[in-house]
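*Asks:* PDB, C-alpha atoms, pLDDT in the B column, saved as input_14.pdb, coming up:
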```pdb
ATOM      1  CA  MET A  20       4.731  -8.295 -23.055  1.00 56.00           C
ATOM      2  CA  ASN A  21       3.039  -4.908 -22.890  1.00 71.00           C
ATOM      3  CA  ARG A  22       2.873  -3.396 -19.432  1.00 86.00           C
ATOM      4  CA  VAL A  23      -0.509  -2.126 -18.291  1.00 95.00           C
ATOM      5  CA  ASN A  24      -0.867   1.534 -17.289  1.00 97.00           C
ATOM      6  CA  TYR A  25      -2.740   0.981 -14.038  1.00 98.00           C
ATOM      7  CA  GLN A  26      -3.202   4.689 -13.420  1.00 97.00           C
ATOM      8  CA  LYS A  27      -5.248   4.884 -16.609  1.00 97.00           C
ATOM      9  CA  GLU A  28      -7.220   1.840 -15.463  1.00 98.00           C
ATOM     10  CA  LEU A  29      -7.888   3.582 -12.144  1.00 98.00           C
ATOM     11  CA  ASP A  30      -8.960   6.735 -13.983  1.00 98.00           C
ATOM     12  CA  LYS A  31     -11.608   4.687 -15.804  1.00 98.00           C
ATOM     13  CA  VAL A  32     -12.980   3.282 -12.536  1.00 98.00           C
ATOM     14  CA  LEU A  33     -13.095   6.706 -10.911  1.00 98.00           C
ATOM     15  CA  ALA A  34     -14.840   8.237 -13.922  1.00 98.00           C
ATOM     16  CA  HIS A  35     -17.483   5.512 -13.716  1.00 97.00           C
ATOM     17  CA  ILE A  36     -17.965   6.148  -9.983  1.00 97.00           C
ATOM     18  CA  VAL A  37     -18.459   9.874 -10.599  1.00 97.00           C
ATOM     19  CA  GLN A  38     -20.904   9.159 -13.400  1.00 98.00           C
ATOM     20  CA  GLU A  39     -22.887   6.780 -11.180  1.00 97.00           C
ATOM     21  CA  LYS A  40     -22.941   9.377  -8.368  1.00 96.00           C
ATOM     22  CA  LYS A  41     -22.163   6.690  -5.805  1.00 93.00           C
ATOM     23  CA  VAL A  42     -19.678   6.533  -2.942  1.00 98.00           C
ATOM     24  CA  PRO A  43     -18.474   2.919  -2.803  1.00 98.00           C
ATOM     25  CA  THR A  44     -16.576   1.386   0.090  1.00 98.00           C
ATOM     26  CA  LEU A  45     -12.875   0.586  -0.167  1.00 99.00           C
ATOM     27  CA  LEU A  46     -10.690  -1.577   2.058  1.00 99.00           C
ATOM     28  CA  LEU A  47      -7.250  -0.047   1.666  1.00 99.00           C
ATOM     29  CA  HIS A  48      -4.282  -2.075   2.822  1.00 98.00           C
ATOM     30  CA  SER A  49      -1.639   0.309   4.128  1.00 98.00           C
ATOM     31  CA  CYS A  50       2.016  -0.380   4.815  1.00 95.00           C
ATOM     32  CA  CYS A  51       2.720   2.909   6.625  1.00 96.00           C
ATOM     33  CA  ALA A  52       1.432   6.439   7.150  1.00 97.00           C
ATOM     34  CA  PRO A  53       3.697   8.098   4.529  1.00 97.00           C
ATOM     35  CA  CYS A  54       2.589   5.695   1.796  1.00 97.00           C
ATOM     36  CA  SER A  55      -1.048   6.192   2.785  1.00 98.00           C
ATOM     37  CA  SER A  56      -0.787   9.991   2.778  1.00 98.00           C
ATOM     38  CA  TYR A  57      -1.335  10.831  -0.883  1.00 98.00           C
ATOM     39  CA  THR A  58      -3.401   7.689  -1.391  1.00 98.00           C
ATOM     40  CA  LEU A  59      -5.928   8.759   1.248  1.00 98.00           C
ATOM     41  CA  GLU A  60      -5.955  12.371   0.094  1.00 98.00           C
ATOM     42  CA  TYR A  61      -6.657  11.166  -3.445  1.00 98.00           C
ATOM     43  CA  LEU A  62      -9.095   8.288  -2.942  1.00 98.00           C
ATOM     44  CA  SER A  63     -11.154   9.776  -0.107  1.00 98.00           C
ATOM     45  CA  GLN A  64     -12.701  12.060  -2.719  1.00 98.00           C
ATOM     46  CA  TYR A  65     -14.407   9.012  -4.232  1.00 98.00           C
ATOM     47  CA  PHE A  66     -14.675   6.305  -1.543  1.00 98.00           C
ATOM     48  CA  LYS A  67     -15.612   5.630   2.042  1.00 98.00           C
ATOM     49  CA  ILE A  68     -12.292   4.118   3.066  1.00 98.00           C
ATOM     50  CA  THR A  69     -11.279   1.737   5.802  1.00 99.00           C
ATOM     51  CA  VAL A  70      -7.522   1.500   6.238  1.00 99.00           C
ATOM     52  CA  PHE A  71      -6.460  -2.074   6.945  1.00 99.00           C
ATOM     53  CA  TYR A  72      -3.111  -2.142   8.683  1.00 98.00           C
ATOM     54  CA  TYR A  73      -1.911  -5.691   8.133  1.00 98.00           C
ATOM     55  CA  ASN A  74       1.874  -5.995   8.097  1.00 97.00           C
ATOM     56  CA  PRO A  75       3.205  -9.080   9.907  1.00 97.00           C
ATOM     57  CA  ASN A  76       6.442  -8.621   7.976  1.00 95.00           C
ATOM     58  CA  ILE A  77       7.536  -5.608  10.011  1.00 94.00           C
ATOM     59  CA  TYR A  78      10.524  -6.098  12.313  1.00 93.00           C
ATOM     60  CA  PRO A  79      11.084  -5.496  15.182  1.00 94.00           C
ATOM     61  CA  GLU A  80       7.826  -5.240  17.126  1.00 96.00           C
ATOM     62  CA  ASP A  81       8.535  -1.765  18.491  1.00 96.00           C
ATOM     63  CA  GLU A  82       8.940  -0.587  14.866  1.00 94.00           C
ATOM     64  CA  TYR A  83       5.583  -2.159  14.056  1.00 97.00           C
ATOM     65  CA  ARG A  84       3.902  -0.407  16.998  1.00 97.00           C
ATOM     66  CA  LYS A  85       5.432   2.915  16.029  1.00 97.00           C
ATOM     67  CA  ARG A  86       4.078   2.627  12.493  1.00 96.00           C
ATOM     68  CA  VAL A  87       0.594   1.661  13.712  1.00 98.00           C
ATOM     69  CA  LEU A  88       0.366   4.721  15.948  1.00 98.00           C
ATOM     70  CA  GLU A  89       1.652   6.991  13.184  1.00 98.00           C
ATOM     71  CA  GLN A  90      -0.940   5.607  10.783  1.00 98.00           C
ATOM     72  CA  GLN A  91      -3.733   6.283  13.266  1.00 98.00           C
ATOM     73  CA  ARG A  92      -2.442   9.785  13.983  1.00 98.00           C
ATOM     74  CA  PHE A  93      -2.376  10.670  10.310  1.00 98.00           C
ATOM     75  CA  ILE A  94      -5.924   9.409   9.719  1.00 98.00           C
ATOM     76  CA  ARG A  95      -7.156  11.637  12.546  1.00 98.00           C
ATOM     77  CA  ALA A  96      -5.287  14.667  11.214  1.00 98.00           C
ATOM     78  CA  LEU A  97      -6.103  14.454   7.505  1.00 98.00           C
ATOM     79  CA  PRO A  98      -9.170  16.420   6.333  1.00 97.00           C
ATOM     80  CA  VAL A  99     -11.217  14.201   4.007  1.00 97.00           C
ATOM     81  CA  LYS A 100     -14.413  14.452   1.994  1.00 96.00           C
ATOM     82  CA  HIS A 101     -15.623  10.999   3.021  1.00 97.00           C
ATOM     83  CA  PRO A 102     -14.908   9.226   6.323  1.00 93.00           C
ATOM     84  CA  VAL A 103     -11.823   7.097   6.846  1.00 98.00           C
ATOM     85  CA  ASP A 104     -11.898   4.258   9.390  1.00 98.00           C
ATOM     86  CA  PHE A 105      -9.129   2.003  10.663  1.00 98.00           C
ATOM     87  CA  ILE A 106      -8.692  -1.719  11.296  1.00 98.00           C
ATOM     88  CA  GLU A 107      -5.530  -3.299  12.632  1.00 98.00           C
ATOM     89  CA  GLY A 108      -4.850  -6.839  11.483  1.00 98.00           C
ATOM     90  CA  ASP A 109      -3.071  -9.556  13.443  1.00 98.00           C
ATOM     91  CA  TYR A 110       0.635  -9.084  13.992  1.00 98.00           C
ATOM     92  CA  ASP A 111       1.478 -12.722  13.269  1.00 95.00           C
ATOM     93  CA  THR A 112       5.137 -12.655  12.278  1.00 96.00           C
ATOM     94  CA  GLY A 113       5.230 -16.446  12.083  1.00 96.00           C
ATOM     95  CA  HIS A 114       2.938 -16.276   9.070  1.00 95.00           C
ATOM     96  CA  PHE A 115       5.359 -13.999   7.252  1.00 96.00           C
ATOM     97  CA  TYR A 116       8.382 -16.184   8.006  1.00 96.00           C
ATOM     98  CA  ALA A 117       6.470 -19.283   6.914  1.00 97.00           C
ATOM     99  CA  VAL A 118       5.582 -17.919   3.459  1.00 96.00           C
ATOM    100  CA  THR A 119       9.102 -16.560   2.865  1.00 96.00           C
ATOM    101  CA  ARG A 120      11.019 -19.577   4.184  1.00 96.00           C
ATOM    102  CA  GLY A 121      13.884 -20.517   1.876  1.00 95.00           C
ATOM    103  CA  LEU A 122      13.942 -17.062   0.278  1.00 94.00           C
ATOM    104  CA  GLU A 123      15.845 -15.246   2.995  1.00 90.00           C
ATOM    105  CA  SER A 124      18.836 -14.474   0.775  1.00 90.00           C
ATOM    106  CA  VAL A 125      16.847 -13.383  -2.284  1.00 91.00           C
ATOM    107  CA  PRO A 126      17.586  -9.718  -3.139  1.00 90.00           C
ATOM    108  CA  GLU A 127      15.048  -7.044  -2.338  1.00 89.00           C
ATOM    109  CA  GLY A 128      12.336  -6.749  -4.957  1.00 90.00           C
ATOM    110  CA  GLY A 129      12.383 -10.432  -5.880  1.00 94.00           C
ATOM    111  CA  LYS A 130      10.349 -13.537  -5.142  1.00 96.00           C
ATOM    112  CA  ARG A 131      10.418 -13.059  -1.375  1.00 95.00           C
ATOM    113  CA  CYS A 132       8.786  -9.655  -1.757  1.00 95.00           C
ATOM    114  CA  PHE A 133       6.182 -11.125  -4.102  1.00 97.00           C
ATOM    115  CA  ARG A 134       5.260 -13.690  -1.437  1.00 97.00           C
ATOM    116  CA  CYS A 135       4.922 -10.844   1.062  1.00 97.00           C
ATOM    117  CA  TYR A 136       2.711  -8.885  -1.343  1.00 98.00           C
ATOM    118  CA  GLU A 137       0.398 -11.872  -1.710  1.00 98.00           C
ATOM    119  CA  LEU A 138       0.284 -12.549   2.025  1.00 98.00           C
ATOM    120  CA  ARG A 139      -0.917  -9.037   2.794  1.00 98.00           C
ATOM    121  CA  LEU A 140      -3.208  -8.675  -0.199  1.00 98.00           C
ATOM    122  CA  ARG A 141      -4.818 -12.071   0.428  1.00 98.00           C
ATOM    123  CA  GLU A 142      -5.728 -11.055   3.962  1.00 98.00           C
ATOM    124  CA  THR A 143      -7.113  -7.787   2.603  1.00 98.00           C
ATOM    125  CA  ALA A 144      -9.206  -9.510  -0.062  1.00 98.00           C
ATOM    126  CA  ALA A 145     -10.563 -12.029   2.443  1.00 98.00           C
ATOM    127  CA  LEU A 146     -11.604  -9.279   4.854  1.00 98.00           C
ATOM    128  CA  ALA A 147     -13.101  -7.199   2.035  1.00 99.00           C
ATOM    129  CA  LYS A 148     -15.221 -10.189   1.034  1.00 98.00           C
ATOM    130  CA  ALA A 149     -16.259 -11.009   4.602  1.00 98.00           C
ATOM    131  CA  GLU A 150     -17.227  -7.416   5.421  1.00 98.00           C
ATOM    132  CA  GLY A 151     -18.922  -6.618   2.116  1.00 98.00           C
ATOM    133  CA  PHE A 152     -16.578  -3.942   0.785  1.00 98.00           C
ATOM    134  CA  ASP A 153     -17.028  -2.894  -2.828  1.00 98.00           C
ATOM    135  CA  TYR A 154     -13.287  -2.748  -3.559  1.00 99.00           C
ATOM    136  CA  PHE A 155      -9.896  -3.535  -2.064  1.00 99.00           C
ATOM    137  CA  THR A 156      -6.396  -2.317  -2.934  1.00 99.00           C
ATOM    138  CA  THR A 157      -3.037  -1.427  -1.359  1.00 98.00           C
ATOM    139  CA  THR A 158      -0.902   1.668  -0.875  1.00 98.00           C
ATOM    140  CA  LEU A 159       2.212  -0.310  -1.841  1.00 98.00           C
ATOM    141  CA  THR A 160       2.129   0.840  -5.473  1.00 98.00           C
ATOM    142  CA  ILE A 161       3.078   4.375  -4.435  1.00 97.00           C
ATOM    143  CA  SER A 162       6.665   3.310  -3.852  1.00 94.00           C
ATOM    144  CA  PRO A 163       9.089   3.442  -6.807  1.00 93.00           C
ATOM    145  CA  LEU A 164      10.812   0.485  -5.117  1.00 90.00           C
ATOM    146  CA  LYS A 165       7.737  -1.768  -5.303  1.00 94.00           C
ATOM    147  CA  ASN A 166       6.624  -3.708  -8.361  1.00 96.00           C
ATOM    148  CA  ALA A 167       3.262  -2.177  -9.276  1.00 97.00           C
ATOM    149  CA  GLN A 168       2.747  -4.616 -12.153  1.00 97.00           C
ATOM    150  CA  LYS A 169       3.134  -7.602  -9.829  1.00 98.00           C
ATOM    151  CA  LEU A 170       0.990  -6.053  -7.116  1.00 98.00           C
ATOM    152  CA  ASN A 171      -1.860  -5.498  -9.556  1.00 98.00           C
ATOM    153  CA  GLU A 172      -1.526  -8.983 -11.015  1.00 98.00           C
ATOM    154  CA  ILE A 173      -1.788 -10.462  -7.518  1.00 98.00           C
ATOM    155  CA  GLY A 174      -4.729  -8.192  -6.689  1.00 98.00           C
ATOM    156  CA  GLU A 175      -6.594  -9.189  -9.834  1.00 98.00           C
ATOM    157  CA  ALA A 176      -6.027 -12.905  -9.174  1.00 98.00           C
ATOM    158  CA  LEU A 177      -7.315 -12.545  -5.618  1.00 98.00           C
ATOM    159  CA  ALA A 178     -10.321 -10.566  -6.859  1.00 98.00           C
ATOM    160  CA  ARG A 179     -11.294 -13.529  -9.007  1.00 98.00           C
ATOM    161  CA  GLU A 180     -10.697 -15.957  -6.156  1.00 98.00           C
ATOM    162  CA  TYR A 181     -12.666 -14.040  -3.521  1.00 98.00           C
ATOM    163  CA  GLY A 182     -15.285 -12.405  -5.715  1.00 98.00           C
ATOM    164  CA  VAL A 183     -14.598  -8.819  -4.663  1.00 98.00           C
ATOM    165  CA  ALA A 184     -13.367  -6.061  -6.988  1.00 98.00           C
ATOM    166  CA  HIS A 185      -9.713  -5.076  -6.950  1.00 98.00           C
ATOM    167  CA  LEU A 186      -9.066  -1.366  -7.484  1.00 98.00           C
ATOM    168  CA  PRO A 187      -6.168  -1.013  -9.965  1.00 98.00           C
ATOM    169  CA  SER A 188      -3.460   1.408  -8.983  1.00 98.00           C
ATOM    170  CA  ASP A 189      -0.047   2.868  -9.581  1.00 98.00           C
ATOM    171  CA  PHE A 190      -0.165   5.632  -7.017  1.00 98.00           C
ATOM    172  CA  LYS A 191       3.305   6.984  -7.789  1.00 97.00           C
ATOM    173  CA  LYS A 192       1.890   8.272 -11.088  1.00 96.00           C
ATOM    174  CA  LYS A 193       0.662  11.866 -11.362  1.00 95.00           C
ATOM    175  CA  ASN A 194       3.426  12.905  -8.945  1.00 96.00           C
ATOM    176  CA  GLY A 195       1.859  10.728  -6.259  1.00 97.00           C
ATOM    177  CA  TYR A 196       5.157   9.773  -4.657  1.00 96.00           C
ATOM    178  CA  LYS A 197       6.290  13.394  -4.694  1.00 96.00           C
ATOM    179  CA  ARG A 198       3.024  14.427  -3.040  1.00 98.00           C
ATOM    180  CA  SER A 199       3.510  11.777  -0.360  1.00 97.00           C
ATOM    181  CA  ILE A 200       6.860  13.360   0.513  1.00 96.00           C
ATOM    182  CA  GLU A 201       5.201  16.766   0.763  1.00 97.00           C
ATOM    183  CA  LEU A 202       2.418  15.446   2.988  1.00 98.00           C
ATOM    184  CA  SER A 203       4.905  13.581   5.155  1.00 97.00           C
ATOM    185  CA  ALA A 204       6.713  16.867   5.759  1.00 97.00           C
ATOM    186  CA  GLN A 205       3.462  18.767   6.317  1.00 98.00           C
ATOM    187  CA  TYR A 206       2.231  16.302   8.956  1.00 98.00           C
ATOM    188  CA  ASP A 207       5.689  15.523  10.319  1.00 98.00           C
ATOM    189  CA  LEU A 208       5.252  11.823   9.626  1.00 97.00           C
ATOM    190  CA  TYR A 209       7.798   9.259  10.680  1.00 96.00           C
ATOM    191  CA  ARG A 210       9.446   7.951   7.497  1.00 91.00           C
ATOM    192  CA  GLN A 211      11.380   4.733   7.958  1.00 86.00           C
ATOM    193  CA  ASN A 212      14.487   3.979   5.876  1.00 82.00           C
ATOM    194  CA  TYR A 213      13.630   0.325   5.206  1.00 79.00           C
ATOM    195  CA  CYS A 214      10.546  -1.472   3.950  1.00 85.00           C
ATOM    196  CA  GLY A 215       9.807  -3.293   7.174  1.00 86.00           C
ATOM    197  CA  CYS A 216      11.098  -6.856   7.351  1.00 93.00           C
ATOM    198  CA  VAL A 217      14.374  -7.941   8.907  1.00 87.00           C
ATOM    199  CA  PHE A 218      15.750  -8.713   5.439  1.00 87.00           C
ATOM    200  CA  SER A 219      15.095  -5.200   4.149  1.00 81.00           C
ATOM    201  CA  GLN A 220      16.515  -3.782   7.385  1.00 76.00           C
ATOM    202  CA  ASN A 221      19.750  -5.630   6.662  1.00 70.00           C
ATOM    203  CA  HIS A 222      19.890  -3.799   3.324  1.00 63.00           C
ATOM    204  CA  SER A 223      18.799  -0.408   4.664  1.00 51.00           C
ATOM    205  CA  GLY A 224      22.177   1.080   3.813  1.00 45.00           C
ATOM    206  CA  ASP A 225      21.690   0.016   0.218  1.00 40.00           C
ATOM    207  CA  ARG A 226      18.689   0.357  -2.119  1.00 41.00           C
ATOM    208  CA  LEU A 227      15.999   1.207   0.399  1.00 38.00           C
ATOM    209  CA  ALA A 228      17.940   4.087   1.919  1.00 37.00           C
ATOM    210  CA  GLU A 229      18.380   6.051  -1.292  1.00 42.00           C
ATOM    211  CA  PRO A 230      17.677   9.788  -0.954  1.00 40.00           C
ATOM    212  CA  ASP A 231      14.297  10.955  -2.171  1.00 51.00           C
ATOM    213  CA  LYS A 232      15.929  12.867  -5.022  1.00 47.00           C
ATOM    214  CA  ALA A 233      17.447   9.678  -6.399  1.00 42.00           C
ATOM    215  CA  VAL A 234      14.234   7.729  -5.956  1.00 48.00           C
ATOM    216  CA  LEU A 235      12.211  10.412  -7.690  1.00 47.00           C
ATOM    217  CA  LYS A 236      14.352   9.988 -10.806  1.00 52.00           C
ATOM    218  CA  GLN A 237      12.817   6.524 -11.148  1.00 48.00           C
ATOM    219  CA  GLU A 238       9.306   7.892 -11.138  1.00 48.00           C
ATOM    220  CA  LYS A 239       7.473   7.661 -14.468  1.00 46.00           C
ATOM    221  CA  GLN A 240       4.709  10.172 -15.010  1.00 43.00           C
ATOM    222  CA  ALA A 241       1.337   9.140 -16.368  1.00 43.00           C
TER     223      ALA A 241
END
```
Here is the file; what I need is its structure written in the form of structure tokens.

*Replies:*
Amino acid sequence: MNRVNYQKELDKVLAHIVQEKKVPTLLLHSCCAPCSSYTLEYLSQYFKITVFYYNPNIYPEDEYRKRVLEQQRFIRALPVKHPVDFIEGDYDTGHFYAVTRGLESVPEGGKRCFRCYELRLRETAALAKAEGFDYFTTTLTISPLKNAQKLNEIGEALAREYGVAHLPSDFKKKNGYKRSIELSAQYDLYRQNYCGCVFSQNHSGDRLAEPDKAVLKQEKQA
């Protein structure tokens, strides 16, 4: 099976937007301020963005609150061409545990993570439809430790279900992940050493705590 280059697919969408001389609206699911950094710098050139912070997977609650505040601080600090707004979703951890029940021992990056992707993207797609956004997408594809292929497949399926366009992405391309590290340093952003859920926290000394240099070796350029 041939893997899709989602950065090239995004390039096509952006070229069309520039040609049309329009500024569409985008509901951008964000997992944290560092992952949103390059994504907002990049996409705010083309869209009026609303960041949707919906992450009921994050554990514990004080970690969740810390990440929310850091996301809001970064949005206020970042200079952008088009405005960026913010919406905080419900912090309903029970929903996360319900959709991942029985998968607690699955290794990071497997089926449990895919369920979490769908949970957060489904809420994003539903809100995008309800509020009349032109597109929705997520910052999650910026991480070399997230499955961009799966994220886009889920996004495309939800786009068909809800009738709102999914913006394809693989934000780690074009040195996107590297740029997110630079912006995190520039704005002194809090960078957690685990994805967010209690299961990833239990493995924070393993895969998710790799140094940036090691992670960057995984990055494939467009």

*Asks:* Got a sec: who's within 6 Å of region 25-31 of chain A, counting all atoms listed in the file, leaving out chain neighbours fewer than 6 positions off, as a ChimeraX atom specification?

*Replies:* /A:187-189

*Asks:* Using only C-alpha atoms, find each residue of region 184-219 of chain A with at least one atom at most 9 Å away from an atom of region 52-56 of chain A; report its shortest atom-to-atom pair and that distance in Å (one decimal), sort the rows by chain and rising residue number, and return the result as a tab-separated table.

*Replies:*
```
residue	atom	partner	partner_atom	distance
A:Tyr196	CA	A:Cys54	CA	8.1
A:Arg198	CA	A:Ser56	CA	8.2
A:Ser199	CA	A:Ser56	CA	5.6
A:Ile200	CA	A:Pro53	CA	7.3
A:Leu202	CA	A:Ser56	CA	6.3
A:Ser203	CA	A:Pro53	CA	5.6
A:Leu208	CA	A:Pro53	CA	6.5
A:Tyr209	CA	A:Pro53	CA	7.5
A:Arg210	CA	A:Pro53	CA	6.5
```

*Asks:* Looking at A:Leu62, A:Ile161, A:Ala144, A:Leu47, which one is nearest to Gly174 (chain A), with distances taken over only C-alpha atoms?

*Replies:*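 The answer is A:Ala144, which sits nearest to Gly174 (chain A).
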
*Asks:* Given the choices A:Glu201, A:Tyr61, A:Val23, A:Gln90, which gets closest to Glu172 (chain A) if the distance is worked out from all atoms listed in the file?

*Replies:*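 Checking each candidate against Glu172 (chain A), we get A:Val23 as the closest.
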
*Asks:* Interatomic distance between CA of Glu60 (chain A) and CA of Leu45 (chain A)?

*Replies:*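 Separation of CA of Glu60 (chain A) and CA of Leu45 (chain A): 13.7 Å.
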
*Asks:* Taking all atoms listed in the file into account, name the residue in A:Glu39, A:Glu82, A:Glu89, A:Glu142 that is nearest to Phe155 (chain A).

*Replies:*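 Closest to Phe155 (chain A), using all atoms listed in the file: A:Glu142.
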
*Asks:* Return the single residue from A:Tyr83, A:Tyr181, A:Tyr213, A:Tyr206 that is closest to Asp153 (chain A), with distances computed using only C-alpha atoms.

*Replies:*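 Comparing A:Tyr83, A:Tyr181, A:Tyr213, A:Tyr206 against Asp153 (chain A), the winner is A:Tyr181.
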
*Asks:* Record the distance separating CA of Gly151 (chain A) and CA of Glu137 (chain A), expressed in Å with one decimal.

*Replies:*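 Spanning CA of Gly151 (chain A) to CA of Glu137 (chain A) is a straight-line distance of 20.4 Å.
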
*Asks:* May I ask which of the residues A:Thr112, A:Ser49, A:Ser219, A:Gln38 is the closest one to Thr160 (chain A), counting only C-alpha atoms?

*Replies:*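 Among the listed residues, A:Ser49 lies closest to Thr160 (chain A).
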
*Asks:* For the atom pair CA of Lys197 (chain A) and CA of Tyr73 (chain A), what is the interatomic distance in Å to one decimal place?

*Replies:*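 A separation of 24.4 Å between them.
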
*Asks:* Leaving out Val87 (chain A) and any residue of its chain fewer than 4 positions from it, which residues lie within 8 Å of it when counting only C-alpha atoms, given as a list of chain:residue names?

*Replies:*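 Everything that qualifies: A:Cys51, A:Tyr72, A:Tyr83, A:Gln91, A:Glu107.
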
*Asks:* Can you translate the PyMOL selection byres ((chain A and resi 166) around 10) into the concrete residues it hits in this file, as number ranges by chain?

*Replies:* A: 128-129, 132-133, 136, 159-165, 167-171, 189

*Asks:* For Leu177 (chain A), which of A:Leu138, A:Gly215, A:Lys192, A:Arg95 is the closest residue, counting all atoms listed in the file?

*Replies:*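 Distance minimum relative to Leu177 (chain A) lands on A:Leu138.
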